[in-house]
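Asks: This structure is in structure tokens; I'll ask about it shortly.
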Amino acid sequence: MPRFVAELSLRRERPIEIIEGLGDYESIDFSGIWIPLPEKDVIRHRAEVSAVERDGIIAHELGHIVLGHEISPEDRLAYFTRTAPAVPSAVITRLLDQQACLRSNFDLPLERQAEWFATLLMEAAEVLSRPLFGDRVLTPRQRLMLERAAATFGWAM
């Protein structure tokens, strides 16, 4: 995930910062948030999640970025009010000011699309992280040659 985030940042010529913990939004019932700021994109995620859950949350928020999701202030206010009725209006106003997207429920098509993107990204990452030769027995010389070749392409065995 860190490599994908770095490559996406470079390709977009816009930094993406990943922050563990939700900060001011900790009391709201959601797992991640994308906050597009003028100078960078920030993705925050809950701290008490497993590595796989964290990557899924980040992948979902990256889906919003890659798919260019933007929501009108009116739709955003209706969405936050409906999905998090206990959230104080001052917090909702701050979220609206920052044009944030939350990973909470999937009433909005944008949320379903971001989750679809996250699923595809996580499946591709899983395929690419499989060992090149699995349980096949290699000689030390074969293993060294393959490790060097894999390292050239940024793969791990």
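Labels for the structure tokens follow display order: chains A, B, ..., residues from 1 in each chain, ligands from 1.
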Compile the contact shell of Val5 in chain A as number ranges by chain: residues with an atom at most 12 Å away, counting only C-alpha atoms, same-chain residues fewer than 5 positions apart removed.

Replies: A: 10-18, 41-43, 55, 58-59, 61-63, 65-66, 121

Asks: I need the residue nearest Ala47 in chain A from this list: A:Leu22, A:Leu120, A:Leu67, A:Ile35. Use only C-alpha atoms for the distance.

Replies: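 Answer, going by the shortest atom-to-atom distance: A:Leu22.
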
Asks: Restricting the calculation to only C-alpha atoms: of A:Gln113, A:Ser31, A:Ser50, A:Gln142, which residue gets closest to His69 in chain A?

Replies: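 Among the listed residues, the smallest separation from His69 in chain A belongs to A:Gln113.
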
Asks: Find, counting only C-alpha atoms, the residue in A:Gly56, A:Pro38, A:Gly23, A:Pro85 that gets nearest to Glu115 in chain A.

Replies: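 Distance minimum relative to Glu115 in chain A lands on A:Gly56.
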
Asks: What separation in Å, quoted to one decimal, exists between CA of Glu123 in chain A and CA of Ala51 in chain A?

Replies: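 These atoms are spaced 14.9 Å apart.
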
Asks: Provide the CA of Leu8 in chain A to CA of Glu70 in chain A distance in Å, to one decimal place.

Replies: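 So the two atoms, CA of Leu8 in chain A and CA of Glu70 in chain A, lie 18.4 Å apart.
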
Asks: Counting only C-alpha atoms, figure out which residue out of A:Glu53, A:Glu111, A:Glu48, A:Glu126 gets nearest to Gly21 in chain A.

Replies: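 Counting only C-alpha atoms, the residue closest to Gly21 in chain A is A:Glu48.
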
Asks: Would you please work out which residue, of A:Ala78, A:Ala86, A:Ala118, A:Ala6, is nearest to Ile57 in chain A when using only C-alpha atoms?

Replies: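 Of A:Ala78, A:Ala86, A:Ala118, A:Ala6, the one nearest Ile57 in chain A, counting only C-alpha atoms, is A:Ala118.
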
Asks: Please report the interatomic distance between CA of Val137 in chain A and CA of Ala149 in chain A in Å with one decimal.

Replies: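 Interatomic distance here is 17.4 Å.
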
Asks: Nearest to Gly32 in chain A among A:Arg148, A:Arg3, A:Arg143, A:His64, with distances taken over only C-alpha atoms: which residue is it?

Replies: A:His64
